[in-house]
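As stored in input23.pdb (PDB, C-alpha atoms):
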MODEL        1
ATOM      1  CA  MET T   1     108.957  63.235  99.710
ATOM      2  CA  THR T   2     109.680  66.760 100.807
ATOM      3  CA  GLU T   3     112.454  68.653  99.093
ATOM      4  CA  ARG T   4     115.609  69.328 100.996
ATOM      5  CA  ARG T   5     115.854  72.812 102.501
ATOM      6  CA  PRO T   6     119.285  74.038 101.368
ATOM      7  CA  ARG T   7     121.272  76.168 103.776
ATOM      8  CA  VAL T   8     121.784  79.709 102.486
ATOM      9  CA  ALA T   9     123.940  82.219 104.381
ATOM     10  CA  VAL T  10     122.804  85.802 104.882
ATOM     11  CA  VAL T  11     125.891  87.827 105.787
ATOM     12  CA  VAL T  12     125.160  90.424 108.472
ATOM     13  CA  PHE T  13     127.257  93.606 108.524
ATOM     14  CA  PRO T  14     126.999  96.439 111.033
ATOM     15  CA  GLY T  15     124.400  98.575 109.278
ATOM     16  CA  SER T  16     122.672  95.769 107.367
ATOM     17  CA  ASN T  17     118.917  96.256 107.645
ATOM     18  CA  ASP T  18     117.395  93.766 105.222
ATOM     19  CA  ASP T  19     119.101  90.696 106.646
ATOM     20  CA  ARG T  20     115.996  89.578 108.538
ATOM     21  CA  ASP T  21     113.716  90.150 105.538
ATOM     22  CA  ALA T  22     116.101  88.154 103.356
ATOM     23  CA  ALA T  23     116.181  85.332 105.914
ATOM     24  CA  TRP T  24     112.380  85.387 106.207
ATOM     25  CA  ALA T  25     111.933  85.263 102.417
ATOM     26  CA  LEU T  26     114.464  82.443 102.013
ATOM     27  CA  SER T  27     112.700  80.464 104.699
ATOM     28  CA  ALA T  28     109.258  81.093 103.164
ATOM     29  CA  LEU T  29     110.550  79.869  99.802
ATOM     30  CA  GLY T  30     112.026  76.611 101.065
ATOM     31  CA  ALA T  31     115.587  77.350 102.225
ATOM     32  CA  GLU T  32     117.151  77.268 105.666
ATOM     33  CA  PRO T  33     118.678  80.718 106.224
ATOM     34  CA  VAL T  34     121.883  80.961 108.247
ATOM     35  CA  LEU T  35     122.794  84.413 109.572
ATOM     36  CA  ALA T  36     126.582  84.822 109.270
ATOM     37  CA  TRP T  37     128.309  87.649 111.147
ATOM     38  CA  HIS T  38     130.661  89.688 108.941
ATOM     39  CA  ALA T  39     133.587  89.476 111.382
ATOM     40  CA  ASP T  40     133.556  85.673 111.540
ATOM     41  CA  PRO T  41     136.285  84.444 109.175
ATOM     42  CA  GLU T  42     135.049  80.855 109.261
ATOM     43  CA  ALA T  43     132.878  79.758 106.345
ATOM     44  CA  PRO T  44     129.524  78.318 107.441
ATOM     45  CA  ALA T  45     128.372  75.071 105.794
ATOM     46  CA  VAL T  46     126.059  76.567 103.179
ATOM     47  CA  ASP T  47     125.232  76.115  99.500
ATOM     48  CA  GLY T  48     124.238  79.677  98.715
ATOM     49  CA  VAL T  49     125.021  83.186  99.951
ATOM     50  CA  VAL T  50     123.020  86.414 100.138
ATOM     51  CA  LEU T  51     124.646  89.778 100.863
ATOM     52  CA  PRO T  52     121.645  91.796 102.068
ATOM     53  CA  GLY T  53     120.678  95.430 101.760
ATOM     54  CA  GLY T  54     121.445  98.154 104.256
ATOM     55  CA  PHE T  55     124.172 100.656 104.946
ATOM     56  CA  SER T  56     127.184  98.569 105.975
ATOM     57  CA  TYR T  57     129.736 100.601 107.915
ATOM     58  CA  GLY T  58     127.553 103.654 107.346
ATOM     59  CA  ASP T  59     128.454 103.570 103.626
ATOM     60  CA  TYR T  60     131.391 105.785 104.582
ATOM     61  CA  LEU T  61     133.827 106.725 101.785
ATOM     62  CA  ARG T  62     131.821 104.864  99.100
ATOM     63  CA  ALA T  63     128.942 102.416  99.519
ATOM     64  CA  GLY T  64     130.427  98.967 100.126
ATOM     65  CA  ALA T  65     134.034 100.184 100.119
ATOM     66  CA  ILE T  66     134.746  99.266 103.740
ATOM     67  CA  ALA T  67     132.525  96.171 103.988
ATOM     68  CA  ARG T  68     134.482  94.537 101.184
ATOM     69  CA  PHE T  69     137.400  94.087 103.606
ATOM     70  CA  ALA T  70     135.254  92.277 106.198
ATOM     71  CA  PRO T  71     136.608  88.818 107.129
ATOM     72  CA  ALA T  72     133.437  87.175 105.768
ATOM     73  CA  LEU T  73     134.261  88.425 102.287
ATOM     74  CA  GLU T  74     137.239  86.048 102.239
ATOM     75  CA  TRP T  75     135.080  82.954 102.395
ATOM     76  CA  VAL T  76     132.377  84.525 100.222
ATOM     77  CA  SER T  77     135.027  85.160  97.529
ATOM     78  CA  ALA T  78     136.316  81.583  97.796
ATOM     79  CA  PHE T  79     132.740  80.242  97.628
ATOM     80  CA  ALA T  80     132.070  82.363  94.524
ATOM     81  CA  ALA T  81     135.346  81.270  92.913
ATOM     82  CA  GLU T  82     134.344  77.634  93.120
ATOM     83  CA  GLY T  83     130.996  78.332  91.470
ATOM     84  CA  GLY T  84     128.720  78.777  94.500
ATOM     85  CA  PRO T  85     125.666  80.984  93.953
ATOM     86  CA  VAL T  86     126.074  84.448  95.510
ATOM     87  CA  LEU T  87     123.340  87.097  95.402
ATOM     88  CA  GLY T  88     124.022  90.716  96.380
ATOM     89  CA  ILE T  89     120.972  92.886  96.940
ATOM     90  CA  CYS T  90     121.338  96.697  96.966
ATOM     91  CA  ASN T  91     124.132  97.278  99.516
ATOM     92  CA  GLY T  92     125.187  93.676  98.806
ATOM     93  CA  PHE T  93     125.493  94.591  95.109
ATOM     94  CA  GLN T  94     127.627  97.607  96.053
ATOM     95  CA  ILE T  95     129.881  95.400  98.199
ATOM     96  CA  LEU T  96     130.317  92.804  95.423
ATOM     97  CA  CYS T  97     131.330  95.564  92.996
ATOM     98  CA  GLU T  98     133.821  97.092  95.420
ATOM     99  CA  ALA T  99     135.216  93.611  96.125
ATOM    100  CA  GLY T 100     135.769  93.023  92.417
ATOM    101  CA  LEU T 101     133.425  90.011  92.333
ATOM    102  CA  LEU T 102     131.211  91.971  89.942
ATOM    103  CA  PRO T 103     132.220  94.563  87.348
ATOM    104  CA  GLY T 104     131.453  98.255  87.702
ATOM    105  CA  VAL T 105     130.537 100.499  90.593
ATOM    106  CA  LEU T 106     127.416 102.123  92.092
ATOM    107  CA  ARG T 107     127.336 105.886  92.527
ATOM    108  CA  PRO T 108     124.918 108.381  94.057
ATOM    109  CA  ASN T 109     121.587 108.546  92.214
ATOM    110  CA  ALA T 110     121.605 111.070  89.378
ATOM    111  CA  SER T 111     118.725 112.884  91.140
ATOM    112  CA  LEU T 112     120.695 112.939  94.422
ATOM    113  CA  SER T 113     117.410 111.838  96.019
ATOM    114  CA  PHE T 114     116.745 108.615  97.859
ATOM    115  CA  VAL T 115     114.234 106.568  95.831
ATOM    116  CA  CYS T 116     111.776 104.159  97.412
ATOM    117  CA  ARG T 117     109.133 102.713  95.119
ATOM    118  CA  ASP T 118     108.142  99.744  92.989
ATOM    119  CA  VAL T 119     109.883  99.560  89.626
ATOM    120  CA  VAL T 120     109.457  97.248  86.676
ATOM    121  CA  VAL T 121     112.607  95.408  85.653
ATOM    122  CA  ILE T 122     113.073  93.182  82.642
ATOM    123  CA  ALA T 123     114.835  89.830  82.982
ATOM    124  CA  GLU T 124     117.338  89.973  80.137
ATOM    125  CA  ARG T 125     118.294  86.311  80.455
ATOM    126  CA  ASP T 126     116.579  83.144  81.556
ATOM    127  CA  ASP T 127     119.721  81.023  81.630
ATOM    128  CA  THR T 128     121.490  82.222  84.787
ATOM    129  CA  LEU T 129     121.270  80.390  88.112
ATOM    130  CA  PHE T 130     119.064  83.172  89.409
ATOM    131  CA  THR T 131     116.700  83.657  86.475
ATOM    132  CA  SER T 132     115.937  80.009  85.757
ATOM    133  CA  ARG T 133     112.329  80.635  86.881
ATOM    134  CA  CYS T 134     111.981  83.727  84.658
ATOM    135  CA  ASP T 135     111.400  84.030  80.933
ATOM    136  CA  SER T 136     113.777  86.162  78.926
ATOM    137  CA  GLY T 137     112.060  89.539  78.497
ATOM    138  CA  GLN T 138     109.724  88.952  81.449
ATOM    139  CA  ALA T 139     108.700  92.107  83.356
ATOM    140  CA  LEU T 140     108.994  91.838  87.142
ATOM    141  CA  THR T 141     107.674  94.336  89.673
ATOM    142  CA  ILE T 142     110.181  94.686  92.518
ATOM    143  CA  PRO T 143     110.761  97.642  94.868
ATOM    144  CA  VAL T 144     113.934  99.729  95.000
ATOM    145  CA  LYS T 145     115.037 101.833  97.984
ATOM    146  CA  HIS T 146     118.447 103.390  97.699
ATOM    147  CA  GLY T 147     120.464 106.568  97.468
ATOM    148  CA  ASP T 148     123.494 105.098  95.664
ATOM    149  CA  GLY T 149     122.090 103.008  92.841
ATOM    150  CA  CYS T 150     123.468 104.675  89.721
ATOM    151  CA  TYR T 151     125.357 101.843  88.056
ATOM    152  CA  HIS T 152     128.507 102.716  86.131
ATOM    153  CA  PRO T 153     129.754  99.705  84.147
ATOM    154  CA  PRO T 154     133.302  99.247  82.927
ATOM    155  CA  PRO T 155     133.481 100.362  79.279
ATOM    156  CA  ASP T 156     133.834  96.783  78.034
ATOM    157  CA  LEU T 157     130.952  95.164  79.977
ATOM    158  CA  PRO T 158     129.590  92.395  77.716
ATOM    159  CA  GLU T 159     125.861  92.535  76.974
ATOM    160  CA  GLU T 160     125.406  88.973  78.257
ATOM    161  CA  GLN T 161     126.424  90.019  81.782
ATOM    162  CA  ILE T 162     123.409  92.322  82.026
ATOM    163  CA  ALA T 163     120.843  90.215  83.895
ATOM    164  CA  PHE T 164     118.194  92.877  84.587
ATOM    165  CA  ARG T 165     117.305  96.242  83.080
ATOM    166  CA  TYR T 166     114.837  98.847  84.254
ATOM    167  CA  ALA T 167     111.846  98.880  81.907
ATOM    168  CA  PRO T 168     111.707 101.885  79.534
ATOM    169  CA  GLY T 169     110.965 105.056  81.528
ATOM    170  CA  GLN T 170     111.474 103.295  84.877
ATOM    171  CA  ASN T 171     115.190 103.935  85.535
ATOM    172  CA  PRO T 172     115.050 105.364  89.082
ATOM    173  CA  ASN T 173     118.693 106.366  89.517
ATOM    174  CA  GLY T 174     120.361 107.236  86.212
ATOM    175  CA  SER T 175     122.099 103.865  85.796
ATOM    176  CA  GLU T 176     123.953 103.646  82.508
ATOM    177  CA  ARG T 177     122.325 101.441  79.856
ATOM    178  CA  ASP T 178     119.343 101.140  82.286
ATOM    179  CA  ILE T 179     121.205  98.359  84.106
ATOM    180  CA  ALA T 180     119.454  97.084  87.250
ATOM    181  CA  GLY T 181     121.489  93.915  87.805
ATOM    182  CA  VAL T 182     124.618  92.210  86.490
ATOM    183  CA  VAL T 183     126.151  88.737  86.713
ATOM    184  CA  ASN T 184     129.834  87.827  86.696
ATOM    185  CA  ALA T 185     131.323  86.160  83.620
ATOM    186  CA  ALA T 186     130.765  82.685  85.102
ATOM    187  CA  GLY T 187     127.120  83.509  85.879
ATOM    188  CA  ASN T 188     127.129  82.393  89.542
ATOM    189  CA  VAL T 189     127.303  85.857  91.156
ATOM    190  CA  LEU T 190     124.402  88.298  90.704
ATOM    191  CA  GLY T 191     124.051  91.805  92.055
ATOM    192  CA  LEU T 192     120.977  93.975  91.663
ATOM    193  CA  MET T 193     119.570  97.144  93.194
ATOM    194  CA  PRO T 194     115.885  96.093  93.422
ATOM    195  CA  HIS T 195     114.929  94.068  96.506
ATOM    196  CA  PRO T 196     113.499  90.650  95.604
ATOM    197  CA  GLU T 197     113.155  89.804  99.318
ATOM    198  CA  HIS T 198     110.545  92.579  99.632
ATOM    199  CA  ALA T 199     108.455  91.095  96.812
ATOM    200  CA  VAL T 200     107.690  87.512  97.795
ATOM    201  CA  ASP T 201     104.031  87.832  98.740
ATOM    202  CA  PRO T 202     101.342  89.127  96.334
ATOM    203  CA  LEU T 203      99.371  90.283  99.379
ATOM    204  CA  LEU T 204     102.051  92.925  99.914
ATOM    205  CA  GLY T 205     102.115  94.117  96.306
ATOM    206  CA  SER T 206     104.153  91.644  94.289
ATOM    207  CA  GLY T 207     105.488  88.126  94.445
ATOM    208  CA  ASP T 208     107.871  88.589  91.523
ATOM    209  CA  GLY T 209     111.003  88.721  93.690
ATOM    210  CA  GLY T 210     110.193  85.162  94.751
ATOM    211  CA  LEU T 211     110.993  83.941  91.226
ATOM    212  CA  LEU T 212     114.524  85.218  91.571
ATOM    213  CA  LEU T 213     115.078  83.903  95.101
ATOM    214  CA  ALA T 214     113.588  80.545  94.073
ATOM    215  CA  GLY T 215     116.249  80.347  91.349
ATOM    216  CA  LEU T 216     118.962  80.904  93.956
ATOM    217  CA  ILE T 217     117.422  78.325  96.302
ATOM    218  CA  GLU T 218     117.143  75.775  93.490
ATOM    219  CA  ALA T 219     120.824  76.301  92.611
ATOM    220  CA  ALA T 220     121.736  75.880  96.285
ATOM    221  CA  ARG T 221     119.623  72.731  96.519
ATOM    222  CA  ASP T 222     121.307  71.233  93.428
ATOM    223  CA  ARG T 223     124.643  72.042  94.987
ATOM    224  CA  SER T 224     123.708  70.411  98.280
ATOM    225  CA  TYR T 225     122.698  67.195  96.487
ATOM    226  CA  ALA T 226     125.871  67.237  94.378
ATOM    227  CA  ARG T 227     127.940  67.611  97.534
ATOM    228  CA  ALA T 228     126.157  64.837  99.421
TER     229      ALA T 228
ATOM    230  CA  MET Y   1     154.387 113.118 107.973
ATOM    231  CA  LYS Y   2     151.145 114.811 107.013
ATOM    232  CA  ALA Y   3     149.514 113.574 103.825
ATOM    233  CA  THR Y   4     146.537 115.053 102.028
ATOM    234  CA  VAL Y   5     144.693 112.963  99.479
ATOM    235  CA  LEU Y   6     142.415 114.642  96.963
ATOM    236  CA  VAL Y   7     139.918 112.253  95.353
ATOM    237  CA  ARG Y   8     138.084 113.544  92.301
ATOM    238  CA  PRO Y   9     135.446 112.130  89.967
ATOM    239  CA  LYS Y  10     137.225 111.331  86.700
ATOM    240  CA  ALA Y  11     136.576 113.456  83.639
ATOM    241  CA  GLY Y  12     133.472 112.267  81.807
ATOM    242  CA  ILE Y  13     131.938 110.676  84.908
ATOM    243  CA  LEU Y  14     128.538 112.115  85.739
ATOM    244  CA  ASP Y  15     128.840 114.143  88.943
ATOM    245  CA  PRO Y  16     125.346 115.039  90.186
ATOM    246  CA  GLN Y  17     126.771 116.732  93.290
ATOM    247  CA  GLY Y  18     128.914 119.003  91.130
ATOM    248  CA  GLU Y  19     125.922 119.811  88.931
ATOM    249  CA  ALA Y  20     123.754 120.656  91.946
ATOM    250  CA  VAL Y  21     126.469 122.894  93.400
ATOM    251  CA  GLU Y  22     126.918 124.613  90.050
ATOM    252  CA  ARG Y  23     123.177 125.262  89.691
ATOM    253  CA  SER Y  24     123.069 126.709  93.171
ATOM    254  CA  LEU Y  25     126.056 128.982  92.518
ATOM    255  CA  ARG Y  26     124.393 130.248  89.332
ATOM    256  CA  GLN Y  27     121.233 131.003  91.286
ATOM    257  CA  LEU Y  28     123.385 133.098  93.602
ATOM    258  CA  GLY Y  29     124.541 135.110  90.596
ATOM    259  CA  PHE Y  30     127.994 133.603  90.068
ATOM    260  CA  THR Y  31     129.080 132.824  86.531
ATOM    261  CA  VAL Y  32     130.604 129.367  86.883
ATOM    262  CA  GLY Y  33     130.896 126.106  84.970
ATOM    263  CA  ASP Y  34     132.298 122.592  85.293
ATOM    264  CA  ALA Y  35     131.813 122.326  89.060
ATOM    265  CA  ARG Y  36     133.022 118.948  90.346
ATOM    266  CA  VAL Y  37     132.820 117.724  93.915
ATOM    267  CA  GLY Y  38     135.476 115.413  95.331
ATOM    268  CA  LYS Y  39     136.839 114.458  98.741
ATOM    269  CA  VAL Y  40     139.768 115.468 100.915
ATOM    270  CA  ILE Y  41     141.340 112.896 103.218
ATOM    271  CA  ASP Y  42     143.962 114.154 105.696
ATOM    272  CA  LEU Y  43     146.290 111.571 107.181
ATOM    273  CA  GLU Y  44     149.203 111.351 109.550
ATOM    274  CA  VAL Y  45     151.578 108.774 108.056
ATOM    275  CA  GLU Y  46     154.521 107.118 109.788
ATOM    276  CA  ALA Y  47     157.368 106.872 107.328
ATOM    277  CA  SER Y  48     161.114 107.483 107.313
ATOM    278  CA  SER Y  49     161.116 109.385 104.045
ATOM    279  CA  ALA Y  50     158.800 111.284 101.762
ATOM    280  CA  SER Y  51     159.118 108.657  99.046
ATOM    281  CA  GLU Y  52     158.191 105.887 101.486
ATOM    282  CA  ALA Y  53     155.193 107.905 102.684
ATOM    283  CA  ARG Y  54     154.083 108.544  99.116
ATOM    284  CA  ALA Y  55     154.368 104.858  98.228
ATOM    285  CA  GLN Y  56     152.264 103.961 101.281
ATOM    286  CA  VAL Y  57     149.561 106.501 100.504
ATOM    287  CA  GLU Y  58     149.457 105.376  96.873
ATOM    288  CA  ARG Y  59     148.750 101.841  98.075
ATOM    289  CA  MET Y  60     145.987 103.201 100.341
ATOM    290  CA  CYS Y  61     144.439 105.012  97.383
ATOM    291  CA  GLU Y  62     144.543 101.948  95.179
ATOM    292  CA  ARG Y  63     143.120  99.600  97.811
ATOM    293  CA  LEU Y  64     140.526 101.764  99.532
ATOM    294  CA  LEU Y  65     140.503 105.534  99.213
ATOM    295  CA  ALA Y  66     139.654 105.796  95.502
ATOM    296  CA  ASN Y  67     137.821 103.561  93.038
ATOM    297  CA  PRO Y  68     139.939 103.675  89.862
ATOM    298  CA  LEU Y  69     136.899 103.113  87.651
ATOM    299  CA  ILE Y  70     135.405 106.482  88.537
ATOM    300  CA  GLU Y  71     137.925 108.437  90.599
ATOM    301  CA  SER Y  72     141.412 109.883  90.261
ATOM    302  CA  TYR Y  73     143.576 110.983  93.164
ATOM    303  CA  ASP Y  74     146.396 113.376  94.006
ATOM    304  CA  ILE Y  75     148.685 113.106  97.028
ATOM    305  CA  GLU Y  76     150.313 116.039  98.808
ATOM    306  CA  LEU Y  77     152.924 115.508 101.516
ATOM    307  CA  GLU Y  78     154.087 117.916 104.171
ATOM    308  CA  GLU Y  79     156.950 117.231 106.618
ATOM    309  CA  ASN Y  80     156.022 117.919 110.230
ATOM    310  CA  GLY Y  81     157.841 120.619 112.177
ATOM    311  CA  SER Y  82     160.035 121.659 109.292
TER     312      SER Y  82
ENDMDL
END
Could I get this file's structure written as structure tokens?
Amino acid sequence: MTERRPRVAVVVFPGSNDDRDAAWALSALGAEPVLAWHADPEAPAVDGVVLPGGFSYGDYLRAGAIARFAPALEWVSAFAAEGGPVLGICNGFQILCEAGLLPGVLRPNASLSFVCRDVVVIAERDDTLFTSRCDSGQALTIPVKHGDGCYHPPPDLPEEQIAFRYAPGQNPNGSERDIAGVVNAAGNVLGLMPHPEHAVDPLLGSGDGGLLLAGLIEAARDRSYARA
Amino acid sequence: MKATVLVRPKAGILDPQGEAVERSLRQLGFTVGDARVGKVIDLEVEASSASEARAQVERMCERLLANPLIESYDIELEENGS
């Protein structure tokens, strides 16, 4: 018996540029990607959501600040509130923070330079929807490419909401506490600056991002069976 | 009514732009410190009174123009044609 291919939305904003890569990676890993236009207020029938990387609305004012008011964010917020898995990558992470679905905010890199390179991140937890395929403490090689990736957490951010940290000496942007990715308190929304969708094939450098996306797809598949 | 919003990085928040500007000014021979770089947003606001305009612009700041975690804001109002 073949496993069901769960439907996972990739929300497309004007200025998104990793939407197709995210859709390709989801498809390669066993999901059925559904591209969802940001201005469409109607929720697609999906069991997982990805907010992809890019420069939505030109990143004017602050990265993610304008995209958070897109009509699609209404159904994404409702989906997240009822426990649906939502993954924000890079610009998607920035949007989730501005929308208040994740704590904190992303600011210009401390170096003021755009960074584009592989980094090693450590999975701090193996018990979130997204890290179920990882071991706690596992080092993953995943590329970053961003200008606004310096994470500033709220002063009271609990340690258990830190899902990924840059490995010692690898922090590419000055993020406080070396934070590369955070989950919400319920654990069903993850945002991270590294791009797992660019690391799903060892031929192209690393397949480690596939572990993370496979966790999302598995959570979406469980949800699709529970709903059926 | 003309409104000017000044958005600043809060005290204690790392401001790499301010640091870069300060370094550059020092290289030019100026003795400066604590440079911080913010934003100016000029707006034309429709309102029947200054207090109504201020209340509107405050809502704009809280919803969109500033992120309260890292930024503070000041609002200046100027009546047109007065």
> So what do you get for atom CA of Gly187 of chain T versus atom CA of Thr128 of chain T, distance-wise?
Replying inline: 5.9 Å
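Distances to Lys39 of chain Y were evaluated for T:Leu26, T:Leu61, T:Val105, T:Ile162 using only C-alpha atoms, and the minimum falls at T:Leu61.
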> Within 12 Å of chain T, which residues of chain Y show up when using only C-alpha atoms, listed as a list in words?
Replying inline: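 The complete set of qualifying residues is Val7, Pro9, Gly12, Ile13, Leu14, Asp15, Pro16, Gln17, Gly18, Glu19, Ala20, Val21, Gly38, Lys39, Val40, Ile41, Cys61, Glu62, Arg63, Leu64, Leu65, Ala66, Asn67, Pro68, Leu69, Ile70 and Glu71 of chain Y.
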Write out the residues from the selection above, keeping C-alpha atoms, as a compact mmCIF listing (two decimals), in the frame of the given file.
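Done, and the output landed in again_36.txt:
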# COMPACT_ATOMS: atom_id res chain seq x y z
CA VAL Y 7 139.92 112.25 95.35
CA PRO Y 9 135.45 112.13 89.97
CA GLY Y 12 133.47 112.27 81.81
CA ILE Y 13 131.94 110.68 84.91
CA LEU Y 14 128.54 112.12 85.74
CA ASP Y 15 128.84 114.14 88.94
CA PRO Y 16 125.35 115.04 90.19
CA GLN Y 17 126.77 116.73 93.29
CA GLY Y 18 128.91 119.00 91.13
CA GLU Y 19 125.92 119.81 88.93
CA ALA Y 20 123.75 120.66 91.95
CA VAL Y 21 126.47 122.89 93.40
CA GLY Y 38 135.48 115.41 95.33
CA LYS Y 39 136.84 114.46 98.74
CA VAL Y 40 139.77 115.47 100.92
CA ILE Y 41 141.34 112.90 103.22
CA CYS Y 61 144.44 105.01 97.38
CA GLU Y 62 144.54 101.95 95.18
CA ARG Y 63 143.12 99.60 97.81
CA LEU Y 64 140.53 101.76 99.53
CA LEU Y 65 140.50 105.53 99.21
CA ALA Y 66 139.65 105.80 95.50
CA ASN Y 67 137.82 103.56 93.04
CA PRO Y 68 139.94 103.68 89.86
CA LEU Y 69 136.90 103.11 87.65
CA ILE Y 70 135.40 106.48 88.54
CA GLU Y 71 137.93 108.44 90.60
>> Expand the PyMOL selection byres ((chain Y and resi 4) around 6) into the explicit residue set it covers here, and present it as a PyMOL selection string.
In response: chain Y and resi 3+5+41-42+75-76
>> Neighbouring residues of Pro172 of chain T were defined as those with any atom within 12 Å, considering all atoms listed in the file; residues of the same chain fewer than 6 positions away were excluded. Please report them as number ranges by chain.
In response: T: 108-121, 143-151, 165-166, 178-180, 193-194
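Going from atom CA of Asp201 of chain T to atom CA of Ala23 of chain T covers 14.3 Å.
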> Mind pulling up the distance from atom CA of Asp47 of chain T to atom CA of Glu32 of chain T?
Replying inline: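 These atoms are spaced 10.2 Å apart.
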> Selected by the PyMOL selection byres ((chain Y and resi 43-55) around 6) in the shown coordinates: which residues, as a PyMOL selection string?
Replying inline: chain Y and resi 1-3+42+56-58
>> Under the PyMOL selection byres ((chain T and resi 101) around 9), which residues of this model are included? Write them out as an NGL selection string.
In response: :T and (77 or 80-81 or 95-100 or 102-103 or 184 or 189)
> Got a sec: who's within 9 Å of Ala39 of chain T, counting only C-alpha atoms, leaving out chain neighbours fewer than 5 positions off, as an NGL selection string?
Replying inline: :T and (12-13 or 70-72)
May I have the selected residues written with C-alpha atoms, as an mmCIF file, keeping the file's coordinate frame?
data_model
loop_
_atom_site.group_PDB
_atom_site.id
_atom_site.type_symbol
_atom_site.label_atom_id
_atom_site.label_comp_id
_atom_site.auth_asym_id
_atom_site.auth_seq_id
_atom_site.Cartn_x
_atom_site.Cartn_y
_atom_site.Cartn_z
ATOM 1 C CA VAL T 12 125.160 90.424 108.472
ATOM 2 C CA PHE T 13 127.257 93.606 108.524
ATOM 3 C CA ALA T 70 135.254 92.277 106.198
ATOM 4 C CA PRO T 71 136.608 88.818 107.129
ATOM 5 C CA ALA T 72 133.437 87.175 105.768
#
>> Taking 6 positions as the minimum chain separation for residues in the same chain, which residues sit within 7 Å of segment 92-94 of chain T when counting all atoms listed in the file? Answer as number ranges by chain.
In response: T: 51-53, 63-64, 105-106, 191-193
Could you pull segment 22-52 of chain T out of the structure just shown and give C-alpha atoms as an mmCIF file, in the first residue's frame?
data_model
loop_
_atom_site.group_PDB
_atom_site.id
_atom_site.type_symbol
_atom_site.label_atom_id
_atom_site.label_comp_id
_atom_site.auth_asym_id
_atom_site.auth_seq_id
_atom_site.Cartn_x
_atom_site.Cartn_y
_atom_site.Cartn_z
ATOM 1 C CA ALA T 22 9.344 24.412 -1.420
ATOM 2 C CA ALA T 23 6.659 22.837 -3.616
ATOM 3 C CA TRP T 24 9.268 20.721 -5.420
ATOM 4 C CA ALA T 25 10.782 19.509 -2.130
ATOM 5 C CA LEU T 26 7.374 18.703 -0.630
ATOM 6 C CA SER T 27 6.470 16.734 -3.721
ATOM 7 C CA ALA T 28 9.802 14.864 -3.731
ATOM 8 C CA LEU T 29 9.260 13.910 -0.088
ATOM 9 C CA GLY T 30 5.757 12.520 -0.521
ATOM 10 C CA ALA T 31 3.325 15.441 -0.172
ATOM 11 C CA GLU T 32 1.014 17.068 -2.684
ATOM 12 C CA PRO T 33 1.911 20.775 -2.712
ATOM 13 C CA VAL T 34 -0.873 23.295 -3.277
ATOM 14 C CA LEU T 35 0.201 26.816 -4.256
ATOM 15 C CA ALA T 36 -2.106 29.283 -2.467
ATOM 16 C CA TRP T 37 -2.184 32.919 -3.595
ATOM 17 C CA HIS T 38 -1.818 35.386 -0.709
ATOM 18 C CA ALA T 39 -4.832 37.484 -1.751
ATOM 19 C CA ASP T 40 -7.243 34.539 -1.761
ATOM 20 C CA PRO T 41 -9.135 34.647 1.550
ATOM 21 C CA GLU T 42 -10.541 31.147 1.113
ATOM 22 C CA ALA T 43 -8.718 28.365 2.945
ATOM 23 C CA PRO T 44 -7.630 25.527 0.645
ATOM 24 C CA ALA T 45 -8.297 21.953 1.812
ATOM 25 C CA VAL T 46 -4.852 21.175 3.211
ATOM 26 C CA ASP T 47 -3.313 19.511 6.258
ATOM 27 C CA GLY T 48 -0.120 21.527 6.436
ATOM 28 C CA VAL T 49 1.109 24.997 5.486
ATOM 29 C CA VAL T 50 4.474 26.382 4.382
ATOM 30 C CA LEU T 51 5.191 30.117 4.244
ATOM 31 C CA PRO T 52 8.158 30.204 1.854
#
